[in-house]
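As stored in input_5.cif (mmCIF, C-alpha atoms):
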data_entry
#
loop_
_atom_site.group_PDB
_atom_site.id
_atom_site.type_symbol
_atom_site.label_atom_id
_atom_site.label_comp_id
_atom_site.auth_asym_id
_atom_site.auth_seq_id
_atom_site.Cartn_x
_atom_site.Cartn_y
_atom_site.Cartn_z
ATOM 1 C CA MET A 1 0.000 0.000 0.000
ATOM 2 C CA GLY A 2 1.514 3.278 -1.049
ATOM 3 C CA GLY A 3 -0.521 5.576 1.185
ATOM 4 C CA LEU A 4 0.949 4.487 4.481
ATOM 5 C CA ASN A 5 2.853 7.053 6.483
ATOM 6 C CA GLU A 6 3.501 8.210 10.028
ATOM 7 C CA GLY A 7 -0.061 9.468 10.225
ATOM 8 C CA SER A 8 -1.669 6.131 9.393
ATOM 9 C CA THR A 9 -3.652 4.578 12.216
ATOM 10 C CA ASP A 10 -2.648 1.286 13.776
ATOM 11 C CA ASP A 11 -5.710 -0.303 12.173
ATOM 12 C CA ASP A 12 -4.575 0.886 8.713
ATOM 13 C CA LEU A 13 -1.160 -0.579 9.335
ATOM 14 C CA LEU A 14 -2.612 -3.874 10.527
ATOM 15 C CA LEU A 15 -4.755 -4.173 7.410
ATOM 16 C CA SER A 16 -1.626 -3.784 5.318
ATOM 17 C CA ILE A 17 0.354 -6.167 7.514
ATOM 18 C CA ALA A 18 -2.383 -8.740 6.932
ATOM 19 C CA GLU A 19 -1.534 -8.442 3.226
ATOM 20 C CA GLY A 20 2.131 -9.094 4.004
ATOM 21 C CA ASP A 21 3.282 -5.453 3.857
ATOM 22 C CA GLN A 22 6.602 -5.287 5.681
ATOM 23 C CA ARG A 23 6.790 -1.502 5.437
ATOM 24 C CA ALA A 24 3.598 -1.236 7.449
ATOM 25 C CA PHE A 25 5.033 -3.707 9.940
ATOM 26 C CA ARG A 26 8.154 -1.569 10.288
ATOM 27 C CA LEU A 27 6.042 1.540 10.926
ATOM 28 C CA LEU A 28 4.010 -0.276 13.567
ATOM 29 C CA MET A 29 7.161 -1.487 15.302
ATOM 30 C CA GLN A 30 8.733 1.964 15.188
ATOM 31 C CA ARG A 31 5.625 3.308 16.865
ATOM 32 C CA HIS A 32 5.364 0.778 19.688
ATOM 33 C CA ALA A 33 8.765 -0.814 20.262
ATOM 34 C CA LYS A 34 10.186 1.773 22.673
ATOM 35 C CA PRO A 35 7.404 1.874 25.296
ATOM 36 C CA MET A 36 7.079 -1.910 25.138
ATOM 37 C CA LEU A 37 10.811 -2.405 25.641
ATOM 38 C CA ALA A 38 10.705 -0.028 28.602
ATOM 39 C CA LEU A 39 7.809 -1.922 30.176
ATOM 40 C CA ALA A 40 9.359 -5.344 29.522
ATOM 41 C CA GLN A 41 12.737 -4.307 30.856
ATOM 42 C CA ARG A 42 11.231 -2.897 34.028
ATOM 43 C CA VAL A 43 9.097 -5.964 34.653
ATOM 44 C CA THR A 44 11.688 -8.621 33.791
ATOM 45 C CA GLY A 45 14.701 -6.652 35.005
ATOM 46 C CA SER A 46 16.676 -7.793 31.956
ATOM 47 C CA GLY A 47 17.369 -6.026 28.674
ATOM 48 C CA ASP A 48 17.916 -9.312 26.834
ATOM 49 C CA ASP A 49 14.640 -10.776 28.082
ATOM 50 C CA ALA A 50 12.869 -7.554 27.153
ATOM 51 C CA ASP A 51 14.218 -7.699 23.583
ATOM 52 C CA GLU A 52 13.152 -11.307 23.203
ATOM 53 C CA ILE A 53 9.675 -10.742 24.616
ATOM 54 C CA VAL A 54 8.989 -7.678 22.482
ATOM 55 C CA GLN A 55 10.272 -9.401 19.358
ATOM 56 C CA ASP A 56 8.146 -12.490 19.972
ATOM 57 C CA SER A 57 5.131 -10.254 20.569
ATOM 58 C CA PHE A 58 5.689 -8.447 17.266
ATOM 59 C CA LEU A 59 6.025 -11.776 15.467
ATOM 60 C CA LYS A 60 2.676 -12.726 16.983
ATOM 61 C CA VAL A 61 1.238 -9.534 15.490
ATOM 62 C CA TRP A 62 2.617 -10.502 12.077
ATOM 63 C CA ARG A 63 1.050 -13.958 12.296
ATOM 64 C CA LEU A 64 -2.314 -12.810 13.660
ATOM 65 C CA ALA A 65 -2.773 -9.611 11.633
ATOM 66 C CA ARG A 66 -5.321 -11.327 9.371
ATOM 67 C CA LYS A 67 -7.539 -11.948 12.360
ATOM 68 C CA TRP A 68 -7.396 -8.355 13.640
ATOM 69 C CA GLN A 69 -10.843 -6.795 13.860
ATOM 70 C CA VAL A 70 -10.769 -3.159 12.863
ATOM 71 C CA GLY A 71 -12.819 -1.088 15.310
ATOM 72 C CA GLY A 72 -13.017 -4.000 17.745
ATOM 73 C CA ALA A 73 -13.400 -3.772 21.498
ATOM 74 C CA ALA A 74 -9.776 -2.896 22.197
ATOM 75 C CA SER A 75 -7.334 -0.649 20.384
ATOM 76 C CA PHE A 76 -4.137 -2.214 19.115
ATOM 77 C CA SER A 77 -2.097 -0.418 21.753
ATOM 78 C CA THR A 78 -4.291 -1.764 24.572
ATOM 79 C CA TRP A 79 -4.146 -5.298 23.180
ATOM 80 C CA PHE A 80 -0.414 -5.129 22.626
ATOM 81 C CA TYR A 81 0.302 -3.887 26.158
ATOM 82 C CA ARG A 82 -1.696 -6.881 27.383
ATOM 83 C CA VAL A 83 0.306 -9.309 25.215
ATOM 84 C CA VAL A 84 3.669 -7.910 26.304
ATOM 85 C CA LEU A 85 2.748 -7.698 29.983
ATOM 86 C CA ASN A 86 1.457 -11.282 30.031
ATOM 87 C CA ALA A 87 4.596 -12.482 28.260
ATOM 88 C CA CYS A 88 6.760 -10.684 30.835
ATOM 89 C CA LEU A 89 4.897 -12.204 33.761
ATOM 90 C CA ASP A 90 5.006 -15.653 32.133
ATOM 91 C CA ARG A 91 8.732 -15.289 31.719
ATOM 92 C CA ARG A 92 9.180 -14.296 35.368
ATOM 93 C CA ARG A 93 7.017 -17.212 36.459
ATOM 94 C CA ARG A 94 8.982 -19.716 34.407
ATOM 95 C CA LEU A 95 12.383 -18.573 35.562
ATOM 96 C CA PRO A 96 13.363 -19.630 39.054
ATOM 97 C CA MET A 97 12.995 -16.455 41.052
ATOM 98 C CA ALA A 98 15.499 -15.531 43.686
ATOM 99 C CA PRO A 99 13.781 -15.152 47.040
ATOM 100 C CA LEU A 100 13.461 -11.667 48.445
ATOM 101 C CA GLU A 101 16.194 -12.483 50.964
ATOM 102 C CA ASP A 102 18.654 -12.694 48.083
ATOM 103 C CA ALA A 103 18.060 -9.046 47.301
ATOM 104 C CA GLY A 104 20.319 -8.352 50.254
ATOM 105 C CA GLU A 105 20.019 -6.114 53.235
ATOM 106 C CA PRO A 106 18.316 -2.749 52.999
ATOM 107 C CA VAL A 107 20.648 -0.381 51.293
ATOM 108 C CA ASP A 108 23.226 1.244 53.473
ATOM 109 C CA PRO A 109 24.242 4.434 51.715
ATOM 110 C CA SER A 110 27.836 4.156 52.796
ATOM 111 C CA PRO A 111 30.387 6.174 50.916
ATOM 112 C CA ASP A 112 32.060 3.078 49.456
ATOM 113 C CA GLY A 113 28.890 1.620 47.908
ATOM 114 C CA SER A 114 28.709 2.430 44.238
ATOM 115 C CA GLU A 115 25.529 3.960 42.915
ATOM 116 C CA ALA A 116 25.135 1.229 40.312
ATOM 117 C CA ALA A 117 25.244 -1.523 42.923
ATOM 118 C CA LEU A 118 22.710 0.319 45.079
ATOM 119 C CA SER A 119 20.446 0.761 42.144
ATOM 120 C CA ARG A 120 20.598 -2.945 41.281
ATOM 121 C CA GLN A 121 19.909 -3.857 44.893
ATOM 122 C CA ARG A 122 16.866 -1.562 45.019
ATOM 123 C CA ARG A 123 15.440 -2.962 41.849
ATOM 124 C CA ALA A 124 16.004 -6.526 42.936
ATOM 125 C CA ALA A 125 14.267 -5.882 46.275
ATOM 126 C CA ILE A 126 11.280 -4.226 44.640
ATOM 127 C CA MET A 127 10.970 -6.760 41.853
ATOM 128 C CA ALA A 128 11.153 -9.642 44.299
ATOM 129 C CA ALA A 129 8.406 -8.006 46.379
ATOM 130 C CA VAL A 130 6.267 -7.368 43.280
ATOM 131 C CA ASN A 131 6.760 -10.962 42.250
ATOM 132 C CA GLU A 132 5.283 -12.155 45.514
ATOM 133 C CA LEU A 133 2.006 -10.355 44.791
ATOM 134 C CA PRO A 134 -1.023 -12.235 43.459
ATOM 135 C CA GLU A 135 -1.270 -12.220 39.667
ATOM 136 C CA ARG A 136 -3.845 -9.453 39.203
ATOM 137 C CA GLN A 137 -2.193 -7.134 41.702
ATOM 138 C CA LYS A 138 1.137 -7.781 40.020
ATOM 139 C CA LYS A 139 -0.311 -6.755 36.659
ATOM 140 C CA ALA A 140 -1.927 -3.615 38.084
ATOM 141 C CA VAL A 141 1.230 -2.502 39.895
ATOM 142 C CA SER A 142 3.453 -3.254 36.892
ATOM 143 C CA LEU A 143 1.257 -1.314 34.501
ATOM 144 C CA CYS A 144 0.537 1.680 36.704
ATOM 145 C CA TYR A 145 3.976 2.178 38.176
ATOM 146 C CA PHE A 146 6.384 0.680 35.663
ATOM 147 C CA ALA A 147 4.729 1.572 32.356
ATOM 148 C CA GLU A 148 3.946 5.009 31.066
ATOM 149 C CA VAL A 149 0.197 4.426 30.888
ATOM 150 C CA SER A 150 -2.584 6.413 32.519
ATOM 151 C CA GLY A 151 -5.018 4.911 35.025
ATOM 152 C CA PRO A 152 -7.931 4.693 32.566
ATOM 153 C CA GLU A 153 -5.646 3.125 29.948
ATOM 154 C CA ALA A 154 -4.334 0.577 32.458
ATOM 155 C CA ALA A 155 -7.928 -0.268 33.410
ATOM 156 C CA LYS A 156 -8.712 -0.896 29.740
ATOM 157 C CA ILE A 157 -5.642 -3.071 29.288
ATOM 158 C CA LEU A 158 -6.614 -5.165 32.289
ATOM 159 C CA ASP A 159 -10.274 -5.129 31.276
ATOM 160 C CA LEU A 160 -11.339 -3.624 34.593
ATOM 161 C CA SER A 161 -13.312 -0.628 35.749
ATOM 162 C CA LEU A 162 -11.278 2.265 37.117
ATOM 163 C CA SER A 163 -12.555 1.630 40.640
ATOM 164 C CA ALA A 164 -11.645 -2.077 40.428
ATOM 165 C CA LEU A 165 -8.156 -1.106 39.272
ATOM 166 C CA GLU A 166 -7.812 1.329 42.181
ATOM 167 C CA ALA A 167 -8.891 -1.405 44.599
ATOM 168 C CA LEU A 168 -6.259 -3.743 43.144
ATOM 169 C CA LEU A 169 -3.617 -1.051 43.486
ATOM 170 C CA VAL A 170 -4.539 -0.421 47.129
ATOM 171 C CA ARG A 171 -4.174 -4.128 47.869
ATOM 172 C CA GLY A 172 -0.997 -4.298 45.787
ATOM 173 C CA ARG A 173 0.621 -1.401 47.641
ATOM 174 C CA ARG A 174 -0.377 -2.933 50.971
ATOM 175 C CA GLY A 175 1.115 -6.266 49.906
ATOM 176 C CA LEU A 176 4.306 -4.601 48.721
ATOM 177 C CA LYS A 177 4.725 -2.652 51.951
ATOM 178 C CA LYS A 178 4.151 -5.796 53.977
ATOM 179 C CA SER A 179 6.563 -7.808 51.877
ATOM 180 C CA LEU A 180 9.264 -5.142 52.061
ATOM 181 C CA MET A 181 8.762 -4.604 55.803
ATOM 182 C CA LYS A 182 8.962 -8.331 56.432
ATOM 183 C CA HIS A 183 12.482 -8.142 55.107
ATOM 184 C CA GLY A 184 13.531 -5.162 57.124
ATOM 185 C CA ILE A 185 12.729 -2.436 54.630
ATOM 186 C CA GLY A 186 10.591 -0.114 56.712
ATOM 187 C CA SER A 187 9.351 1.977 53.853
ATOM 188 C CA VAL A 188 9.996 2.441 50.182
ATOM 189 C CA GLY A 189 11.919 5.523 51.272
ATOM 190 C CA ASP A 190 14.561 3.223 52.753
ATOM 191 C CA ILE A 191 15.456 1.868 49.376
ATOM 192 C CA LEU A 192 15.495 5.158 47.550
ATOM 193 C CA MET B 193 2.066 7.960 52.999
ATOM 194 C CA THR B 194 -0.649 8.196 50.366
ATOM 195 C CA GLY B 195 -0.991 5.781 47.486
ATOM 196 C CA ASP B 196 0.223 8.394 45.034
ATOM 197 C CA GLU B 197 3.316 9.087 47.095
ATOM 198 C CA PHE B 198 4.046 5.376 47.382
ATOM 199 C CA GLY B 199 3.621 4.973 43.646
ATOM 200 C CA GLU B 200 5.881 7.936 42.992
ATOM 201 C CA MET B 201 8.561 6.445 45.241
ATOM 202 C CA LEU B 202 8.291 3.130 43.422
ATOM 203 C CA ARG B 203 8.749 4.907 40.119
ATOM 204 C CA ARG B 204 11.805 6.728 41.441
ATOM 205 C CA ALA B 205 13.257 3.495 42.767
ATOM 206 C CA MET B 206 12.626 1.820 39.402
ATOM 207 C CA PRO B 207 13.428 4.564 36.884
ATOM 208 C CA ALA B 208 12.392 4.032 33.296
ATOM 209 C CA PRO B 209 15.263 2.424 31.400
ATOM 210 C CA ASP B 210 16.879 4.518 28.742
ATOM 211 C CA ILE B 211 16.024 2.727 25.523
ATOM 212 C CA ASP B 212 18.576 3.560 22.887
ATOM 213 C CA ASP B 213 17.318 4.309 19.368
ATOM 214 C CA ARG B 214 19.948 1.993 17.915
ATOM 215 C CA ARG B 215 18.690 -0.846 20.073
ATOM 216 C CA VAL B 216 15.155 -0.266 18.802
ATOM 217 C CA GLU B 217 16.362 -0.170 15.206
ATOM 218 C CA ALA B 218 18.366 -3.380 15.676
ATOM 219 C CA LEU B 219 15.316 -5.099 17.142
ATOM 220 C CA ILE B 220 13.170 -3.969 14.205
ATOM 221 C CA GLU B 221 15.699 -5.127 11.622
ATOM 222 C CA ASP B 222 16.099 -8.491 13.322
ATOM 223 C CA THR B 223 12.328 -8.943 13.561
ATOM 224 C CA LEU B 224 11.941 -8.141 9.859
ATOM 225 C CA LEU B 225 14.605 -10.710 9.033
ATOM 226 C CA ARG B 226 12.725 -13.307 11.049
ATOM 227 C CA VAL B 227 9.486 -12.367 9.291
ATOM 228 C CA GLN B 228 11.153 -12.839 5.904
ATOM 229 C CA ALA B 229 12.198 -16.318 6.990
ATOM 230 C CA ILE B 230 8.590 -17.317 7.701
ATOM 231 C CA PRO B 231 7.378 -19.217 4.613
ATOM 232 C CA GLN B 232 4.334 -17.716 2.960
ATOM 233 C CA ARG B 233 1.798 -20.522 2.734
ATOM 234 C CA PRO B 234 -1.074 -20.178 0.299
ATOM 235 C CA SER B 235 -4.416 -20.488 2.043
ATOM 236 C CA TRP B 236 -5.402 -23.666 0.191
ATOM 237 C CA LEU B 237 -2.615 -25.484 2.016
ATOM 238 C CA PHE B 238 -4.747 -25.214 5.130
ATOM 239 C CA TRP B 239 -7.401 -27.454 3.559
ATOM 240 C CA PRO B 240 -5.768 -30.724 4.640
ATOM 241 C CA ARG B 241 -6.632 -29.746 8.200
ATOM 242 C CA LEU B 242 -10.299 -30.126 7.274
ATOM 243 C CA LEU B 243 -9.887 -33.699 6.005
ATOM 244 C CA PRO B 244 -10.641 -35.427 9.308
ATOM 245 C CA VAL B 245 -13.934 -33.520 9.476
ATOM 246 C CA MET B 246 -14.722 -33.997 5.809
ATOM 247 C CA GLN B 247 -14.432 -37.795 5.940
ATOM 248 C CA TYR B 248 -17.519 -37.800 8.159
ATOM 249 C CA ALA B 249 -19.323 -34.778 6.791
ATOM 250 C CA LEU B 250 -19.137 -35.746 3.120
ATOM 251 C CA PRO B 251 -20.895 -39.154 3.376
ATOM 252 C CA MET B 252 -23.559 -37.575 5.579
ATOM 253 C CA LEU B 253 -24.178 -34.900 2.994
ATOM 254 C CA VAL B 254 -24.433 -37.527 0.258
ATOM 255 C CA ALA B 255 -26.872 -39.519 2.402
ATOM 256 C CA VAL B 256 -29.136 -36.540 2.896
ATOM 257 C CA VAL B 257 -29.108 -35.645 -0.801
ATOM 258 C CA MET B 258 -29.805 -39.251 -1.829
ATOM 259 C CA GLY B 259 -32.608 -39.443 0.681
ATOM 260 C CA VAL B 260 -34.257 -36.377 -0.763
ATOM 261 C CA VAL B 261 -33.802 -37.649 -4.324
ATOM 262 C CA MET B 262 -35.279 -41.056 -3.519
ATOM 263 C CA ASP B 263 -38.127 -39.433 -1.689
ATOM 264 C CA THR B 264 -39.113 -37.383 -4.696
ATOM 265 C CA ARG B 265 -38.658 -40.260 -7.194
ATOM 266 C CA ASP B 266 -40.597 -43.080 -5.644
ATOM 267 C CA ALA B 267 -41.861 -42.744 -2.166
ATOM 268 C CA ASN B 268 -43.619 -46.166 -2.221
ATOM 269 C CA GLU B 269 -40.730 -48.343 -3.261
ATOM 270 C CA LEU B 270 -38.490 -47.814 -0.281
ATOM 271 C CA PRO B 271 -39.559 -45.686 2.637
ATOM 272 C CA VAL B 272 -37.340 -42.631 2.800
ATOM 273 C CA SER B 273 -36.930 -42.936 6.518
ATOM 274 C CA GLN B 274 -35.439 -46.422 6.114
ATOM 275 C CA PHE B 275 -33.261 -45.413 3.213
ATOM 276 C CA SER B 276 -31.935 -42.360 4.992
ATOM 277 C CA THR B 277 -31.290 -44.314 8.152
ATOM 278 C CA LEU B 278 -29.360 -46.910 6.183
ATOM 279 C CA LEU B 279 -27.238 -44.319 4.471
ATOM 280 C CA PHE B 280 -26.838 -42.241 7.589
ATOM 281 C CA SER B 281 -25.537 -45.173 9.605
ATOM 282 C CA SER B 282 -23.166 -46.140 6.810
ATOM 283 C CA SER B 283 -21.920 -42.576 6.725
ATOM 284 C CA LEU B 284 -20.753 -42.939 10.295
ATOM 285 C CA MET B 285 -18.117 -45.251 8.935
ATOM 286 C CA PRO B 286 -15.227 -43.080 7.797
ATOM 287 C CA LEU B 287 -14.160 -43.275 4.199
ATOM 288 C CA GLY B 288 -11.537 -45.864 3.535
ATOM 289 C CA SER B 289 -12.354 -48.003 6.577
#
Would you give me this structure, written as structure tokens?
Amino acid sequence: MGGLNEGSTDDDLLLSIAEGDQRAFRLLMQRHAKPMLALAQRVTGSGDDADEIVQDSFLKVWRLARKWQVGGAASFSTWFYRVVLNACLDRRRRLPMAPLEDAGEPVDPSPDGSEAALSRQRRAAIMAAVNELPERQKKAVSLCYFAEVSGPEAAKILDLSLSALEALLVRGRRGLKKSLMKHGIGSVGDIL
Amino acid sequence: MTGDEFGEMLRRAMPAPDIDDRRVEALIEDTLLRVQAIPQRPSWLFWPRLLPVMQYALPMLVAVVMGVVMDTRDANELPVSQFSTLLFSSSLMPLGS
């Protein structure tokens, strides 16, 4: 299709992708790859895993483009966030997770500790705590705090009402605080 | 601490990774290469998947058509109900068995 450009909608691109148009596929990837990589990297904690997950998700788009319903219940972006997030959580579930204890002691900001090591320790502690949450809370927390999506958008991605999402977040935050406190991290402030 | 403050602290503790443009471009190129390696199968190649269904459906269809034909030709010679039942039960036997 010659008329495709930066202004084409995702639905237009998907129609062309269904016909095997690789240019449309490239445009779609250019549009969505960055935010998806950011989400996947934050949730999995690994750049390599993030690359693999996002690539597999795009290949799924290529294979399923024929079945895409233009003007369906969800926008492409909403659907794609769902695919990537589920893939990330599947990946975390499959890999043997280090217990929260392995994240180490709460960070001691001593002068000899390098900033990079502290940062890794913080992330590991938080990710281990997030991983201990029930599935739905994990999804809500990951989307609302680790992805650049608004509350209403996150609710759409999770197929929930805004109030249900807020309730999940309240429980998720409570679970996170409890999990972090159990391991001697009094508040999130302690790991900042 | 309010929920918003907690969320904000989480975000600060887990800052958004800096995704390099070159990394994105490399991912796109690699994905396109993988797409090109996927063989394009014409849609008629999917027909063999229907064969297991067709081996039952086809004889049944024939039985129904024959039943209707016989019914219209000579209703007295062989009752349609019997004829159809005979054909229908034979159709339950897959082709080739």
Original post:
Leaving out Cys144 in chain A and any residue of its chain fewer than 3 positions from it, which residues lie within 12 Å of it when counting only C-alpha atoms, given as a PyMOL selection string?
Top reply: (chain A and resi 39+42-43+81+85+137-141+147-158+162+165-166+168-170+172-173) or (chain B and resi 195-196+198-200+202-203)
Original post:
Could you work out how far CA of Phe76 in chain A lies from CA of Arg214 in chain B, giving the answer in Å with one decimal?
Top reply: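 Going from CA of Arg214 in chain B over to CA of Phe76 in chain A covers 24.5 Å.
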Subject >> Top pick for closest residue to Ala128 in chain A, considering A:Thr44, A:Leu59, A:Asp90, A:Arg174 and counting all atoms listed in the file >> reply: A:Thr44
Determine the residue set returned by the PyMOL selection byres ((chain B) within 12 of (chain A)) for the present structure, and present it as a PDB file with C-alpha atoms, keeping the file's coordinate frame.
ATOM      1  CA  MET B 193       2.066   7.960  52.999  1.00  0.00           C
ATOM      2  CA  THR B 194      -0.649   8.196  50.366  1.00  0.00           C
ATOM      3  CA  GLY B 195      -0.991   5.781  47.486  1.00  0.00           C
ATOM      4  CA  ASP B 196       0.223   8.394  45.034  1.00  0.00           C
ATOM      5  CA  GLU B 197       3.316   9.087  47.095  1.00  0.00           C
ATOM      6  CA  PHE B 198       4.046   5.376  47.382  1.00  0.00           C
ATOM      7  CA  GLY B 199       3.621   4.973  43.646  1.00  0.00           C
ATOM      8  CA  GLU B 200       5.881   7.936  42.992  1.00  0.00           C
ATOM      9  CA  MET B 201       8.561   6.445  45.241  1.00  0.00           C
ATOM     10  CA  LEU B 202       8.291   3.130  43.422  1.00  0.00           C
ATOM     11  CA  ARG B 203       8.749   4.907  40.119  1.00  0.00           C
ATOM     12  CA  ARG B 204      11.805   6.728  41.441  1.00  0.00           C
ATOM     13  CA  ALA B 205      13.257   3.495  42.767  1.00  0.00           C
ATOM     14  CA  MET B 206      12.626   1.820  39.402  1.00  0.00           C
ATOM     15  CA  PRO B 207      13.428   4.564  36.884  1.00  0.00           C
ATOM     16  CA  ALA B 208      12.392   4.032  33.296  1.00  0.00           C
ATOM     17  CA  PRO B 209      15.263   2.424  31.400  1.00  0.00           C
ATOM     18  CA  ASP B 210      16.879   4.518  28.742  1.00  0.00           C
ATOM     19  CA  ILE B 211      16.024   2.727  25.523  1.00  0.00           C
ATOM     20  CA  ASP B 212      18.576   3.560  22.887  1.00  0.00           C
ATOM     21  CA  ASP B 213      17.318   4.309  19.368  1.00  0.00           C
ATOM     22  CA  ARG B 214      19.948   1.993  17.915  1.00  0.00           C
ATOM     23  CA  ARG B 215      18.690  -0.846  20.073  1.00  0.00           C
ATOM     24  CA  VAL B 216      15.155  -0.266  18.802  1.00  0.00           C
ATOM     25  CA  GLU B 217      16.362  -0.170  15.206  1.00  0.00           C
ATOM     26  CA  ALA B 218      18.366  -3.380  15.676  1.00  0.00           C
ATOM     27  CA  LEU B 219      15.316  -5.099  17.142  1.00  0.00           C
ATOM     28  CA  ILE B 220      13.170  -3.969  14.205  1.00  0.00           C
ATOM     29  CA  GLU B 221      15.699  -5.127  11.622  1.00  0.00           C
ATOM     30  CA  ASP B 222      16.099  -8.491  13.322  1.00  0.00           C
ATOM     31  CA  THR B 223      12.328  -8.943  13.561  1.00  0.00           C
ATOM     32  CA  LEU B 224      11.941  -8.141   9.859  1.00  0.00           C
ATOM     33  CA  LEU B 225      14.605 -10.710   9.033  1.00  0.00           C
ATOM     34  CA  ARG B 226      12.725 -13.307  11.049  1.00  0.00           C
ATOM     35  CA  VAL B 227       9.486 -12.367   9.291  1.00  0.00           C
ATOM     36  CA  GLN B 228      11.153 -12.839   5.904  1.00  0.00           C
ATOM     37  CA  ALA B 229      12.198 -16.318   6.990  1.00  0.00           C
ATOM     38  CA  ILE B 230       8.590 -17.317   7.701  1.00  0.00           C
ATOM     39  CA  PRO B 231       7.378 -19.217   4.613  1.00  0.00           C
ATOM     40  CA  GLN B 232       4.334 -17.716   2.960  1.00  0.00           C
ATOM     41  CA  ARG B 233       1.798 -20.522   2.734  1.00  0.00           C
ATOM     42  CA  SER B 235      -4.416 -20.488   2.043  1.00  0.00           C
TER      43      SER B 235
END
**OP:** Give me, please, the distance in Å between CA of Ser8 in chain A and CA of Ala65 in chain A, quoted to one decimal.
**Re:**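 CA of Ser8 in chain A sits 15.9 Å away from CA of Ala65 in chain A.
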